Structure formats: C-alpha cells, structure tokens
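Asks: Dropping in my_file_14.pdb, which is PDB, C-alpha atoms:
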```
ATOM      1  CA  MET A  16     -12.235  -2.532   5.094
ATOM      2  CA  ILE A  17      -9.985  -0.025   6.821
ATOM      3  CA  VAL A  18      -7.831   1.692   4.200
ATOM      4  CA  ALA A  19      -4.374   3.057   4.943
ATOM      5  CA  ASN A  20      -1.469   4.617   3.063
ATOM      6  CA  ARG A  21       2.147   3.883   3.738
ATOM      7  CA  LYS A  22       3.944   6.815   5.310
ATOM      8  CA  PRO A  23       6.710   8.474   3.272
ATOM      9  CA  PHE A  24       9.952   6.490   3.572
ATOM     10  CA  GLU A  25      11.807   9.515   4.900
ATOM     11  CA  GLU A  26       9.406   9.790   7.824
ATOM     12  CA  ILE A  27       9.693   6.066   8.613
ATOM     13  CA  ILE A  28      13.475   6.052   8.476
ATOM     14  CA  GLY A  29      13.570   9.155  10.684
ATOM     15  CA  MET A  30      11.462   7.427  13.370
ATOM     16  CA  LEU A  31      13.733   4.365  13.252
ATOM     17  CA  LYS A  32      16.986   6.261  13.617
ATOM     18  CA  PRO A  33      17.731   5.336  17.263
ATOM     19  CA  TYR A  34      16.931   1.651  16.790
ATOM     20  CA  ALA A  35      18.956  -1.310  15.473
ATOM     21  CA  ARG A  36      16.650  -4.296  16.035
ATOM     22  CA  ILE A  37      13.251  -3.735  14.476
ATOM     23  CA  LEU A  38      10.164  -5.912  14.617
ATOM     24  CA  LEU A  39       8.295  -5.050  11.417
ATOM     25  CA  LEU A  40       4.697  -5.997  11.927
ATOM     26  CA  GLY A  41       2.027  -6.553   9.276
ATOM     27  CA  CYS A  42      -1.624  -7.562   9.364
ATOM     28  CA  ASN A  43      -3.454 -10.109   7.217
ATOM     29  CA  GLU A  44      -6.744  -8.251   7.283
ATOM     30  CA  CYS A  45      -7.744  -4.838   5.869
ATOM     31  CA  VAL A  46      -4.238  -3.501   5.190
ATOM     32  CA  THR A  47      -3.463  -6.633   3.172
ATOM     33  CA  VAL A  48      -6.542  -6.102   1.016
ATOM     34  CA  CYS A  49      -5.682  -2.443   0.398
ATOM     35  CA  ALA A  50      -2.061  -3.478  -0.351
ATOM     36  CA  THR A  51      -0.543  -1.307   2.371
ATOM     37  CA  GLY A  52       0.560  -3.492   5.252
ATOM     38  CA  GLY A  53       0.267  -7.204   4.440
ATOM     39  CA  ALA A  54       3.120  -9.722   4.340
ATOM     40  CA  LYS A  55       4.136  -8.514   0.861
ATOM     41  CA  GLU A  56       4.357  -4.872   1.874
ATOM     42  CA  VAL A  57       6.195  -5.833   5.065
ATOM     43  CA  ALA A  58       8.815  -7.654   2.964
ATOM     44  CA  VAL A  59       9.228  -4.690   0.616
ATOM     45  CA  LEU A  60       9.542  -2.125   3.423
ATOM     46  CA  ALA A  61      11.983  -4.371   5.298
ATOM     47  CA  SER A  62      14.068  -4.621   2.144
ATOM     48  CA  GLU A  63      14.005  -0.833   1.667
ATOM     49  CA  ILE A  64      15.066  -0.231   5.273
ATOM     50  CA  ARG A  65      17.875  -2.807   5.041
ATOM     51  CA  LEU A  66      19.164  -1.244   1.810
ATOM     52  CA  PHE A  67      19.033   2.261   3.271
ATOM     53  CA  ARG A  68      20.731   1.284   6.510
ATOM     54  CA  ALA A  69      23.394  -0.753   4.668
ATOM     55  CA  LYS A  70      24.112   2.264   2.492
ATOM     56  CA  GLU A  71      24.416   4.463   5.592
ATOM     57  CA  GLY A  72      26.694   1.904   7.234
ATOM     58  CA  VAL A  73      24.256   1.419  10.147
ATOM     59  CA  PRO A  74      22.811  -2.025   9.475
ATOM     60  CA  ALA A  75      19.370  -2.889  10.800
ATOM     61  CA  GLU A  76      18.244  -6.272  12.016
ATOM     62  CA  ILE A  77      14.631  -6.697  10.934
ATOM     63  CA  LYS A  78      12.252  -9.428  12.015
ATOM     64  CA  GLU A  79       9.200  -9.607   9.745
ATOM     65  CA  VAL A  80       5.983 -10.862  11.338
ATOM     66  CA  THR A  81       2.468 -10.636   9.915
ATOM     67  CA  LEU A  82      -0.395 -11.435  12.269
ATOM     68  CA  GLU A  83      -3.771 -12.759  11.202
ATOM     69  CA  ARG A  84      -5.260  -9.700  12.933
ATOM     70  CA  ASN A  85      -3.733  -6.962  15.076
ATOM     71  CA  CYS A  86      -7.064  -6.052  16.669
ATOM     72  CA  ASP A  87      -7.710  -9.293  18.581
ATOM     73  CA  PRO A  88      -5.833 -10.323  21.736
ATOM     74  CA  GLU A  89      -5.386 -13.982  20.748
ATOM     75  CA  TYR A  90      -3.267 -12.987  17.756
ATOM     76  CA  VAL A  91      -1.474 -10.083  19.435
ATOM     77  CA  GLU A  92      -0.360 -12.443  22.228
ATOM     78  CA  THR A  93       1.493 -14.606  19.690
ATOM     79  CA  LEU A  94       4.010 -11.764  19.312
ATOM     80  CA  LYS A  95       5.400 -12.428  22.779
ATOM     81  CA  PRO A  96       8.426 -14.553  21.705
ATOM     82  CA  PHE A  97       9.681 -11.745  19.432
ATOM     83  CA  ILE A  98       9.399  -8.807  21.824
ATOM     84  CA  ASP A  99      12.589  -9.297  23.852
ATOM     85  CA  ASP A 100      14.681  -9.504  20.680
ATOM     86  CA  CYS A 101      13.600  -6.145  19.316
ATOM     87  CA  ASP A 102      14.276  -2.543  20.284
ATOM     88  CA  VAL A 103      11.149  -1.184  18.649
ATOM     89  CA  ILE A 104       8.023  -2.338  16.821
ATOM     90  CA  LEU A 105       7.233  -0.747  13.465
ATOM     91  CA  SER A 106       3.659  -1.565  12.574
ATOM     92  CA  MET A 107       2.025  -1.553   9.150
ATOM     93  CA  ALA A 108      -1.376  -2.358  10.688
ATOM     94  CA  CYS A 109      -4.133   0.246  10.938
ATOM     95  CA  GLY A 110      -4.295   2.700  13.835
ATOM     96  CA  CYS A 111      -6.340   0.175  15.862
ATOM     97  CA  GLY A 112      -3.659  -2.496  15.522
ATOM     98  CA  ILE A 113      -0.823  -0.111  16.305
ATOM     99  CA  GLN A 114      -2.495   0.960  19.551
ATOM    100  CA  PHE A 115      -3.610  -2.516  20.558
ATOM    101  CA  VAL A 116      -0.120  -3.999  20.201
ATOM    102  CA  GLY A 117       1.233  -1.086  22.249
ATOM    103  CA  GLU A 118      -1.315  -1.785  24.981
ATOM    104  CA  HIS A 119      -0.115  -5.397  25.184
ATOM    105  CA  TYR A 120       3.629  -4.770  25.189
ATOM    106  CA  ARG A 121       4.135  -1.730  27.357
ATOM    107  CA  ASN A 122       7.925  -2.036  27.457
ATOM    108  CA  ARG A 123       8.193  -1.411  23.714
ATOM    109  CA  ILE A 124       7.281   1.593  21.585
ATOM    110  CA  VAL A 125       5.078   0.856  18.557
ATOM    111  CA  LEU A 126       5.747   3.176  15.625
ATOM    112  CA  PRO A 127       3.263   3.663  12.780
ATOM    113  CA  ALA A 128       4.501   2.906   9.256
ATOM    114  CA  VAL A 129       1.117   3.803   7.750
ATOM    115  CA  ASP A 130      -1.416   6.613   7.889
ATOM    116  CA  THR A 131      -4.844   5.107   8.472
ATOM    117  CA  THR A 132      -7.328   6.936   6.297
ATOM    118  CA  PHE A 133     -10.868   5.599   5.870
ATOM    119  CA  ASP A 134     -13.421   2.767   5.815
ATOM    120  CA  GLY A 135     -13.871   1.922   2.182
ATOM    121  CA  VAL A 136     -14.284  -0.476  -0.707
ATOM    122  CA  THR A 137     -12.164  -1.679  -3.615
ATOM    123  CA  GLU A 138     -13.715   0.132  -6.586
ATOM    124  CA  GLN A 139     -11.290  -1.617  -8.928
ATOM    125  CA  HIS A 140      -7.948  -3.359  -8.524
ATOM    126  CA  GLY A 141      -5.669  -0.694  -7.041
ATOM    127  CA  VAL A 142      -8.441   1.849  -6.387
ATOM    128  CA  TRP A 143     -10.035   2.216  -2.953
ATOM    129  CA  ALA A 144     -12.726   4.707  -1.997
ATOM    130  CA  GLU A 145     -14.421   5.827   1.194
ATOM    131  CA  ARG A 146     -17.955   4.664   1.933
ATOM    132  CA  CYS A 147     -18.598   4.840   5.700
ATOM    133  CA  GLN A 148     -17.699   7.185   8.528
ATOM    134  CA  GLY A 149     -19.203   5.048  11.277
ATOM    135  CA  CYS A 150     -21.644   7.759  12.387
ATOM    136  CA  GLY A 151     -23.466   5.194  14.521
ATOM    137  CA  ASN A 152     -26.894   6.046  13.132
ATOM    138  CA  CYS A 153     -27.299   4.638   9.621
ATOM    139  CA  VAL A 154     -29.510   6.470   7.126
ATOM    140  CA  LEU A 155     -28.881   4.261   4.086
ATOM    141  CA  ASP A 156     -32.544   3.115   4.072
ATOM    142  CA  ARG A 157     -33.628   6.711   3.448
ATOM    143  CA  THR A 158     -31.003   7.484   0.830
ATOM    144  CA  LEU A 159     -31.260   4.154  -0.987
ATOM    145  CA  GLY A 160     -27.770   2.977  -0.180
ATOM    146  CA  ILE A 161     -25.765   6.143  -0.805
ATOM    147  CA  CYS A 162     -24.320   7.709   2.327
ATOM    148  CA  PRO A 163     -24.652  11.505   2.508
ATOM    149  CA  VAL A 164     -22.569  11.554   5.710
ATOM    150  CA  THR A 165     -19.517  10.102   3.963
ATOM    151  CA  ARG A 166     -19.912  10.954   0.334
ATOM    152  CA  CYS A 167     -21.086  14.542   0.702
ATOM    153  CA  ALA A 168     -18.212  16.814   1.724
ATOM    154  CA  LYS A 169     -20.606  18.727   4.002
ATOM    155  CA  SER A 170     -22.560  15.654   5.206
ATOM    156  CA  ILE A 171     -25.840  17.440   4.478
ATOM    157  CA  PHE A 172     -29.216  15.759   4.520
ATOM    158  CA  ASN A 173     -31.817  17.496   2.387
ATOM    159  CA  GLY A 174     -30.556  17.740  -1.148
ATOM    160  CA  PRO A 175     -27.377  19.131  -2.671
ATOM    161  CA  CYS A 176     -25.722  22.436  -1.840
ATOM    162  CA  GLY A 177     -24.901  25.133  -4.391
ATOM    163  CA  GLY A 178     -21.502  23.560  -4.994
ATOM    164  CA  SER A 179     -23.004  20.642  -6.898
ATOM    165  CA  GLN A 180     -22.210  21.354 -10.554
ATOM    166  CA  GLY A 181     -23.070  18.896 -13.294
ATOM    167  CA  GLY A 182     -23.235  16.086 -10.753
ATOM    168  CA  VAL A 183     -19.767  16.820  -9.392
ATOM    169  CA  CYS A 184     -18.755  18.144  -5.956
ATOM    170  CA  GLU A 185     -17.019  21.519  -5.910
ATOM    171  CA  VAL A 186     -14.561  20.221  -3.315
ATOM    172  CA  ASN A 187     -13.060  17.613  -5.624
ATOM    173  CA  LYS A 188     -13.584  17.242  -9.368
ATOM    174  CA  ASP A 189     -13.209  13.459  -9.059
ATOM    175  CA  ALA A 190     -15.949  13.154  -6.424
ATOM    176  CA  PRO A 191     -19.531  12.813  -7.614
ATOM    177  CA  CYS A 192     -22.094  14.860  -5.685
ATOM    178  CA  ALA A 193     -23.635  12.441  -3.181
ATOM    179  CA  TRP A 194     -27.037  14.100  -3.485
ATOM    180  CA  GLN A 195     -26.931  13.850  -7.285
ATOM    181  CA  LEU A 196     -26.271  10.123  -6.826
ATOM    182  CA  ILE A 197     -29.123   9.842  -4.336
ATOM    183  CA  VAL A 198     -31.615  11.680  -6.587
ATOM    184  CA  ASP A 199     -30.533   9.575  -9.577
ATOM    185  CA  ARG A 200     -31.098   6.471  -7.471
ATOM    186  CA  TYR A 201     -34.574   7.673  -6.375
ATOM    187  CA  LYS A 202     -35.460   8.147 -10.052
ATOM    188  CA  GLU A 203     -34.003   4.758 -11.004
ATOM    189  CA  MET A 204     -36.193   3.071  -8.382
ATOM    190  CA  GLY A 205     -39.295   5.176  -9.194
ATOM    191  CA  MET A 206     -39.218   6.643  -5.685
ATOM    192  CA  LEU A 207     -38.564  10.329  -6.390
ATOM    193  CA  ASP A 208     -41.365  11.275  -3.974
ATOM    194  CA  ARG A 209     -39.026  10.168  -1.140
ATOM    195  CA  TYR A 210     -36.870  13.179  -1.992
ATOM    196  CA  LEU A 211     -39.609  15.450  -0.657
ATOM    197  CA  GLU A 212     -39.454  13.954   2.835
ATOM    198  CA  ILE A 213     -37.620  16.413   5.069
ATOM    199  CA  GLN A 214     -34.925  14.723   7.106
ATOM    200  CA  PRO A 215     -34.846  15.802  10.750
ATOM    201  CA  ILE A 216     -31.663  17.127  12.338
ATOM    202  CA  LYS A 217     -29.274  14.210  12.779
ATOM    203  CA  ASP A 218     -28.242  13.115  16.257
ATOM    204  CA  TRP A 219     -24.461  13.177  16.077
ATOM    205  CA  SER A 220     -23.989  11.977  19.650
ATOM    206  CA  THR A 221     -23.682   8.421  18.301
ATOM    207  CA  SER A 222     -20.793   9.559  16.110
ATOM    208  CA  ARG A 223     -17.391  10.885  17.217
ATOM    209  CA  ASP A 224     -19.120  13.841  18.874
ATOM    210  CA  GLY A 225     -20.071  11.520  21.734
ATOM    211  CA  GLY A 226     -16.425  10.606  22.407
ATOM    212  CA  PRO A 227     -14.786   7.188  21.896
ATOM    213  CA  ARG A 228     -17.337   4.438  21.451
ATOM    214  CA  LYS A 229     -17.590   0.971  22.914
ATOM    215  CA  ARG A 230     -19.857  -1.988  22.223
ATOM    216  CA  ILE A 231     -20.515  -4.627  24.835
ATOM    217  CA  ARG A 232     -22.357  -7.927  24.507
ATOM    218  CA  GLU A 233     -22.587  -9.439  27.964
ATOM    219  CA  ASP A 234     -23.567 -12.889  26.636
ATOM    220  CA  LEU A 235     -20.290 -13.189  24.738
ATOM    221  CA  LYS A 236     -18.028 -12.289  27.630
ATOM    222  CA  ILE A 237     -15.874 -15.093  28.992
TER     223      ILE A 237
ATOM    224  CA  MET B  10      24.211 -16.252 -34.184
ATOM    225  CA  ARG B  11      27.089 -16.663 -31.708
ATOM    226  CA  LEU B  12      26.507 -13.195 -30.278
ATOM    227  CA  SER B  13      28.387 -12.178 -27.194
ATOM    228  CA  TYR B  14      27.113 -10.036 -24.369
ATOM    229  CA  PRO B  15      28.794  -8.917 -21.103
ATOM    230  CA  PRO B  16      29.489 -11.920 -18.835
ATOM    231  CA  ASN B  17      28.443  -9.984 -15.713
ATOM    232  CA  VAL B  18      24.768 -10.255 -16.738
ATOM    233  CA  LYS B  19      23.145 -13.057 -14.808
ATOM    234  CA  ILE B  20      19.898 -14.335 -16.280
ATOM    235  CA  VAL B  21      16.998 -15.347 -14.046
ATOM    236  CA  LYS B  22      14.385 -17.171 -16.102
ATOM    237  CA  VAL B  23      10.699 -16.635 -15.394
ATOM    238  CA  PRO B  24       7.716 -17.935 -17.359
ATOM    239  CA  CYS B  25       6.579 -14.350 -18.061
ATOM    240  CA  THR B  26       7.777 -10.929 -16.840
ATOM    241  CA  GLY B  27       4.334 -10.732 -15.191
ATOM    242  CA  ARG B  28       5.756 -13.220 -12.664
ATOM    243  CA  VAL B  29       8.346 -10.702 -11.476
ATOM    244  CA  ASP B  30       7.325  -9.115  -8.222
ATOM    245  CA  ILE B  31       8.660  -5.977  -6.572
ATOM    246  CA  ILE B  32      10.279  -7.990  -3.800
ATOM    247  CA  HIS B  33      12.292 -10.054  -6.339
ATOM    248  CA  VAL B  34      13.966  -6.896  -7.641
ATOM    249  CA  MET B  35      14.523  -5.551  -4.116
ATOM    250  CA  LYS B  36      16.094  -8.855  -3.022
ATOM    251  CA  ALA B  37      18.458  -8.750  -5.994
ATOM    252  CA  PHE B  38      19.769  -5.409  -4.732
ATOM    253  CA  GLU B  39      19.955  -6.676  -1.154
ATOM    254  CA  ASN B  40      22.031  -9.574  -2.437
ATOM    255  CA  GLY B  41      24.480  -7.255  -4.117
ATOM    256  CA  ALA B  42      23.241  -6.697  -7.684
ATOM    257  CA  ASP B  43      24.361  -3.363  -9.144
ATOM    258  CA  GLY B  44      21.447  -3.190 -11.555
ATOM    259  CA  VAL B  45      18.401  -5.182 -12.623
ATOM    260  CA  TYR B  46      16.589  -5.135 -15.932
ATOM    261  CA  LEU B  47      13.571  -7.019 -17.124
ATOM    262  CA  VAL B  48      13.298  -8.337 -20.656
ATOM    263  CA  GLY B  49       9.728  -8.984 -21.649
ATOM    264  CA  CYS B  50       7.927  -9.782 -24.871
ATOM    265  CA  LEU B  51       6.756  -6.957 -27.112
ATOM    266  CA  GLU B  52       3.711  -5.171 -25.742
ATOM    267  CA  GLY B  53       0.608  -6.672 -27.292
ATOM    268  CA  ASP B  54       2.378 -10.012 -27.759
ATOM    269  CA  CYS B  55       2.119 -11.343 -24.205
ATOM    270  CA  HIS B  56       1.022 -14.982 -24.101
ATOM    271  CA  PHE B  57      -0.731 -14.114 -20.824
ATOM    272  CA  LEU B  58      -2.178 -10.940 -22.382
ATOM    273  CA  VAL B  59      -0.763  -8.225 -20.087
ATOM    274  CA  GLY B  60       2.105  -9.764 -18.109
ATOM    275  CA  ASN B  61       4.686  -7.471 -19.705
ATOM    276  CA  VAL B  62       2.521  -4.378 -19.178
ATOM    277  CA  ARG B  63       2.196  -5.221 -15.489
ATOM    278  CA  ALA B  64       5.948  -5.789 -15.286
ATOM    279  CA  ARG B  65       6.577  -2.335 -16.733
ATOM    280  CA  ARG B  66       4.323  -0.756 -14.089
ATOM    281  CA  ARG B  67       6.136  -2.692 -11.348
ATOM    282  CA  VAL B  68       9.483  -1.493 -12.690
ATOM    283  CA  GLU B  69       8.227   2.089 -12.386
ATOM    284  CA  TYR B  70       7.108   1.384  -8.811
ATOM    285  CA  VAL B  71      10.452  -0.209  -7.867
ATOM    286  CA  LYS B  72      12.272   2.817  -9.285
ATOM    287  CA  ARG B  73      10.438   4.984  -6.754
ATOM    288  CA  LEU B  74      11.300   2.626  -3.880
ATOM    289  CA  LEU B  75      14.973   2.531  -4.859
ATOM    290  CA  ASP B  76      15.094   6.305  -5.138
ATOM    291  CA  GLU B  77      13.558   6.560  -1.653
ATOM    292  CA  CYS B  78      16.112   4.287  -0.032
ATOM    293  CA  GLY B  79      19.064   5.858  -1.808
ATOM    294  CA  VAL B  80      20.052   2.967  -4.065
ATOM    295  CA  GLY B  81      18.755   4.828  -7.122
ATOM    296  CA  GLY B  82      15.889   4.049  -9.464
ATOM    297  CA  ASP B  83      18.170   4.432 -12.499
ATOM    298  CA  ARG B  84      19.548   1.003 -11.725
ATOM    299  CA  VAL B  85      16.337  -0.660 -12.924
ATOM    300  CA  ALA B  86      15.113  -0.870 -16.510
ATOM    301  CA  MET B  87      12.578  -2.674 -18.659
ATOM    302  CA  TYR B  88      13.114  -3.822 -22.238
ATOM    303  CA  ASN B  89      10.651  -5.364 -24.641
ATOM    304  CA  MET B  90      11.747  -7.562 -27.520
ATOM    305  CA  SER B  91      10.696 -10.701 -29.323
ATOM    306  CA  SER B  92      12.481 -13.998 -28.745
ATOM    307  CA  ALA B  93      13.778 -13.761 -32.334
ATOM    308  CA  GLU B  94      15.760 -10.597 -31.574
ATOM    309  CA  GLY B  95      19.058 -12.010 -30.326
ATOM    310  CA  GLN B  96      20.916  -9.003 -31.636
ATOM    311  CA  ARG B  97      18.674  -6.675 -29.656
ATOM    312  CA  PHE B  98      19.106  -8.815 -26.520
ATOM    313  CA  ALA B  99      22.915  -8.506 -26.717
ATOM    314  CA  GLU B 100      22.592  -4.777 -27.363
ATOM    315  CA  ALA B 101      20.374  -4.312 -24.290
ATOM    316  CA  ALA B 102      22.845  -6.252 -22.135
ATOM    317  CA  ARG B 103      25.672  -3.999 -23.283
ATOM    318  CA  GLU B 104      23.578  -0.846 -22.864
ATOM    319  CA  VAL B 105      22.553  -1.696 -19.291
ATOM    320  CA  THR B 106      26.057  -2.823 -18.317
ATOM    321  CA  GLU B 107      27.539   0.437 -19.559
ATOM    322  CA  LYS B 108      24.912   2.506 -17.803
ATOM    323  CA  ILE B 109      25.336   0.690 -14.484
ATOM    324  CA  ARG B 110      29.107   0.850 -14.780
ATOM    325  CA  GLY B 111      28.711   4.605 -15.090
ATOM    326  CA  LEU B 112      26.556   4.704 -11.944
ATOM    327  CA  GLY B 113      29.104   2.669  -9.981
ATOM    328  CA  PRO B 114      28.491  -0.189  -7.578
ATOM    329  CA  ASN B 115      25.281  -0.647  -5.591
ATOM    330  CA  PRO B 116      25.767   1.804  -2.675
ATOM    331  CA  ALA B 117      24.208  -0.616  -0.157
ATOM    332  CA  LYS B 118      26.780  -3.244  -1.127
ATOM    333  CA  SER B 119      29.813  -0.958  -1.077
ATOM    334  CA  ALA B 120      28.945   0.349   2.389
ATOM    335  CA  LYS B 121      28.672  -3.232   3.647
ATOM    336  CA  SER B 122      32.090  -4.369   2.380
TER     337      SER B 122
END
```
The structure in this file should be written as structure tokens.

Replies:
Amino acid sequence: MIVANRKPFEEIIGMLKPYARILLLGCNECVTVCATGGAKEVAVLASEIRLFRAKEGVPAEIKEVTLERNCDPEYVETLKPFIDDCDVILSMACGCGIQFVGEHYRNRIVLPAVDTTFDGVTEQHGVWAERCQGCGNCVLDRTLGICPVTRCAKSIFNGPCGGSQGGVCEVNKDAPCAWQLIVDRYKEMGMLDRYLEIQPIKDWSTSRDGGPRKRIREDLKI
Amino acid sequence: MRLSYPPNVKIVKVPCTGRVDIIHVMKAFENGADGVYLVGCLEGDCHFLVGNVRARRRVEYVKRLLDECGVGGDRVAMYNMSSAEGQRFAEAAREVTEKIRGLGPNPAKSAKS
C-alpha cells in the first residue's frame, strides 16, 4: 500500500486561510489502511478545522467526501456534483490522488493534507514500514525476498557496507541491515553459496532515473 | 449512597470505554462541550481485556488534536475506577468540573455565540 502521514495542522490551516467552503476529500484505499486519509481521518480533520475556524471567528463550511479510489477516473468523476459548491479541495489521498483530482477539475485548486511517503506493509497494527521503491527491475529472486534497493540505505548489491554493525544499519538504529537479513535468509534456506554470485551493475533506467513511467496494455483500452 | 455530583456533567453511556472513538470526543467539543472525560474500569479489569487501555491512548491522541486546533488538550481526561466506587465517581466529576471551570468555556463555542 501507499503510506502517507498527515501534514502538521498548522500547515494545513495555513493553506486553507483564503477559503471558506472546503471539500475535504478522503480515499478508501491505501490511506484508509494506513489510517491517514480514510473516512475516519477525514471526519477528524474536518472537526479540527471547524473547531479552529469557529475559535478564530471565521467559520468554515466543510463537505466531507471519501471516494472508493482517487486514482481511477470513474470514481473521480463522481465528485462533479460537489465541485461548484466548494472554493477549494483539500485532499487526504496520496500524491497520485491529489494530482488526478486536480487534472479532472481544473477550475479548482487541490491542496494536500498529507505527505505521501512510501510503498509499504503493516508490520503490526499502527506500524507501517517501507518495502518497495518501484525500481522497475525486481531482484527479489536473487535476494530471497529481501529488497536491497529499499531496505539498504545505500541500495547496494554485493553484501553489506562497513556501516553494518551487529546486524543494524548505521543510518538508523531501528533499521536492520538489509544485507544481514539477506545473508541470514540464505543460511536459513541452505543457499549461502548464492551469496558468492556477483551481481552485475543494476540498470536504473527502469527506475526514476528514466523519468516518469507509464504502462500501456493496448488490449484493455476502450 | 445518595451522593451528589455537579449537575452540568452529562453522562453518555457506552458498553466499554474501548467503544469511544476520537471523533466522538471531537464532536462533543463541536457541539459545545467545555470538557470531556472518560470513566473506564480499572486497568487489568476490562471485560473486553484492553478496552480501557485503548481508550487511554485515544485520550492522549485527542489531547494532541485539541492542542493543535486551539481548543486545548487539558479539557480531556481519563479516569479509571470500579463500578463499586461511587464516591470516587462523584469526586472525579467535581474535580473535572472545577478544572474546566478554571479553563473557561470552550473557545470554539464562545467565538460562535
């Protein structure tokens, strides 16, 4: 899932200053699962904004809408009836949703209420961690399911660097060294000989280095 | 026991404090409450195991939200007591009422009126 963090309230309220009628938009997908921008979080932020604006004596009119997805046109189009009645859209969806809604309703500004951070998993209730950087050239077969691109701070490919101490990355005491995890996994599976295979230089042109990416399946086009 | 406690305290019954969500507390303030406190069972005595522990964490979270929006996190509190402690219940009601009276009315409400 795409993981996001809510922006600090001060920043949100600053962005909203010129506006009275706000469409507060949530998403039922990733940001619901990471408890950042689902219907519940939309309700709480709306309440916070209303309380703040009431206290300031500048009341805000907030319409709360949570779409099934903000990254598909069929759902984004359902926002149409609400657009004329708002001065601005404040979105709690990920960066994709924020942009996509903006592309559809060009006469309204879409403001971000969240900082989109990473593609990750729910390690435990309330704890999310990064697992994929979408490099476009997966190596998980070679590293037995542990991604050195994402989980190693340097994204290196042939064993740990000198900053790996006691299985922990020098960059962050809470981050295990990805290469320690990979070597442990090789041992666990009786495949330590795989560690000796030298990985060639990775082609990063499939990653962000090649510019924005697009995927097209002609057979699915309508 | 015939104990009295301040008449301004309005009780909202829930099956367990674990049922109380952040939005419930926020809505109370939006609707003009000057303070909100949760009264849960003693920790370790929850019929649903950890409902009261979760409620305490939510109270801490709501405090942050209320501080952010200028209403003030001090207006929220959590108490734990057993259902046999009527005396303690009345005491808590008085304690919270006095504290909130000291803080004054909910600033979002006073600006509105």

Asks: Report the closest atom pair, with its distance in Å rounded to one decimal, for each residue of chain A that has an atom no farther than 12 Å from chain B; count all atoms listed in the file, sort by chain and then rising residue number, and write it as JSON lines.

Replies:
```
{"residue": "A:Arg21", "atom": "CA", "partner": "B:Leu74", "partner_atom": "CA", "distance": 12.0}
{"residue": "A:Lys22", "atom": "CA", "partner": "B:Glu77", "partner_atom": "CA", "distance": 11.9}
{"residue": "A:Pro23", "atom": "CA", "partner": "B:Glu77", "partner_atom": "CA", "distance": 8.6}
{"residue": "A:Phe24", "atom": "CA", "partner": "B:Glu77", "partner_atom": "CA", "distance": 6.3}
{"residue": "A:Glu25", "atom": "CA", "partner": "B:Glu77", "partner_atom": "CA", "distance": 7.4}
{"residue": "A:Glu26", "atom": "CA", "partner": "B:Glu77", "partner_atom": "CA", "distance": 10.8}
{"residue": "A:Ile27", "atom": "CA", "partner": "B:Cys78", "partner_atom": "CA", "distance": 10.9}
{"residue": "A:Ile28", "atom": "CA", "partner": "B:Cys78", "partner_atom": "CA", "distance": 9.1}
{"residue": "A:Ala54", "atom": "CA", "partner": "B:Ile32", "partner_atom": "CA", "distance": 11.0}
{"residue": "A:Lys55", "atom": "CA", "partner": "B:Ile32", "partner_atom": "CA", "distance": 7.7}
{"residue": "A:Glu56", "atom": "CA", "partner": "B:Ile32", "partner_atom": "CA", "distance": 8.8}
{"residue": "A:Val57", "atom": "CA", "partner": "B:Ile32", "partner_atom": "CA", "distance": 10.0}
{"residue": "A:Ala58", "atom": "CA", "partner": "B:Ile32", "partner_atom": "CA", "distance": 6.9}
{"residue": "A:Val59", "atom": "CA", "partner": "B:Ile32", "partner_atom": "CA", "distance": 5.6}
{"residue": "A:Leu60", "atom": "CA", "partner": "B:Leu74", "partner_atom": "CA", "distance": 8.9}
{"residue": "A:Ala61", "atom": "CA", "partner": "B:Met35", "partner_atom": "CA", "distance": 9.8}
{"residue": "A:Ser62", "atom": "CA", "partner": "B:Met35", "partner_atom": "CA", "distance": 6.3}
{"residue": "A:Glu63", "atom": "CA", "partner": "B:Cys78", "partner_atom": "CA", "distance": 5.8}
{"residue": "A:Ile64", "atom": "CA", "partner": "B:Cys78", "partner_atom": "CA", "distance": 7.0}
{"residue": "A:Arg65", "atom": "CA", "partner": "B:Glu39", "partner_atom": "CA", "distance": 7.6}
{"residue": "A:Leu66", "atom": "CA", "partner": "B:Ala117", "partner_atom": "CA", "distance": 5.5}
{"residue": "A:Phe67", "atom": "CA", "partner": "B:Cys78", "partner_atom": "CA", "distance": 4.9}
{"residue": "A:Arg68", "atom": "CA", "partner": "B:Ala117", "partner_atom": "CA", "distance": 7.8}
{"residue": "A:Ala69", "atom": "CA", "partner": "B:Ala117", "partner_atom": "CA", "distance": 4.9}
{"residue": "A:Lys70", "atom": "CA", "partner": "B:Ala117", "partner_atom": "CA", "distance": 3.9}
{"residue": "A:Glu71", "atom": "CA", "partner": "B:Ala120", "partner_atom": "CA", "distance": 6.9}
{"residue": "A:Gly72", "atom": "CA", "partner": "B:Ala120", "partner_atom": "CA", "distance": 5.6}
{"residue": "A:Val73", "atom": "CA", "partner": "B:Ala120", "partner_atom": "CA", "distance": 9.1}
{"residue": "A:Pro74", "atom": "CA", "partner": "B:Lys121", "partner_atom": "CA", "distance": 8.4}
{"residue": "A:Ala75", "atom": "CA", "partner": "B:Lys121", "partner_atom": "CA", "distance": 11.7}
```

Asks: Applying the PyMOL selection byres ((chain A and resi 194) around 12) to the file I just gave you, which residues come out? Please list them as a PyMOL selection string.

Replies: chain A and resi 158-184+190-193+195-201+210

Asks: Since I can't run it myself right now, could you work out what the PyMOL selection byres ((chain B and resi 12-27) around 6) selects here and report it as an mmCIF file with C-alpha atoms, in the frame of the given file?

Replies:
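Contents of the output file selection-v4.cif:
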```
data_model
loop_
_atom_site.group_PDB
_atom_site.id
_atom_site.type_symbol
_atom_site.label_atom_id
_atom_site.label_comp_id
_atom_site.auth_asym_id
_atom_site.auth_seq_id
_atom_site.Cartn_x
_atom_site.Cartn_y
_atom_site.Cartn_z
ATOM 1 C CA MET B 10 24.211 -16.252 -34.184
ATOM 2 C CA ARG B 11 27.089 -16.663 -31.708
ATOM 3 C CA ARG B 28 5.756 -13.220 -12.664
ATOM 4 C CA VAL B 29 8.346 -10.702 -11.476
ATOM 5 C CA GLY B 49 9.728 -8.984 -21.649
ATOM 6 C CA GLY B 60 2.105 -9.764 -18.109
ATOM 7 C CA ASN B 61 4.686 -7.471 -19.705
ATOM 8 C CA ARG B 63 2.196 -5.221 -15.489
ATOM 9 C CA ALA B 64 5.948 -5.789 -15.286
ATOM 10 C CA ALA B 99 22.915 -8.506 -26.717
#
```

Asks: Could you list, as a PyMOL selection string, every residue matched by the PyMOL selection byres ((chain B and resi 109) around 12) in this structure?

Replies: chain B and resi 17-18+42-46+80-86+102-108+110-116

Asks: Could you please determine the separation between atom CA of A:Ala108 and atom CA of A:Gly151 in Å, to one decimal place?

Replies: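 Interatomic distance, atom CA of A:Ala108 to atom CA of A:Gly151: 23.7 Å.
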
Asks: Just to confirm, what's the straight-line distance from atom CA of A:Cys86 to atom CA of A:Asp100 in Å (one decimal)?

Replies: 22.4 Å
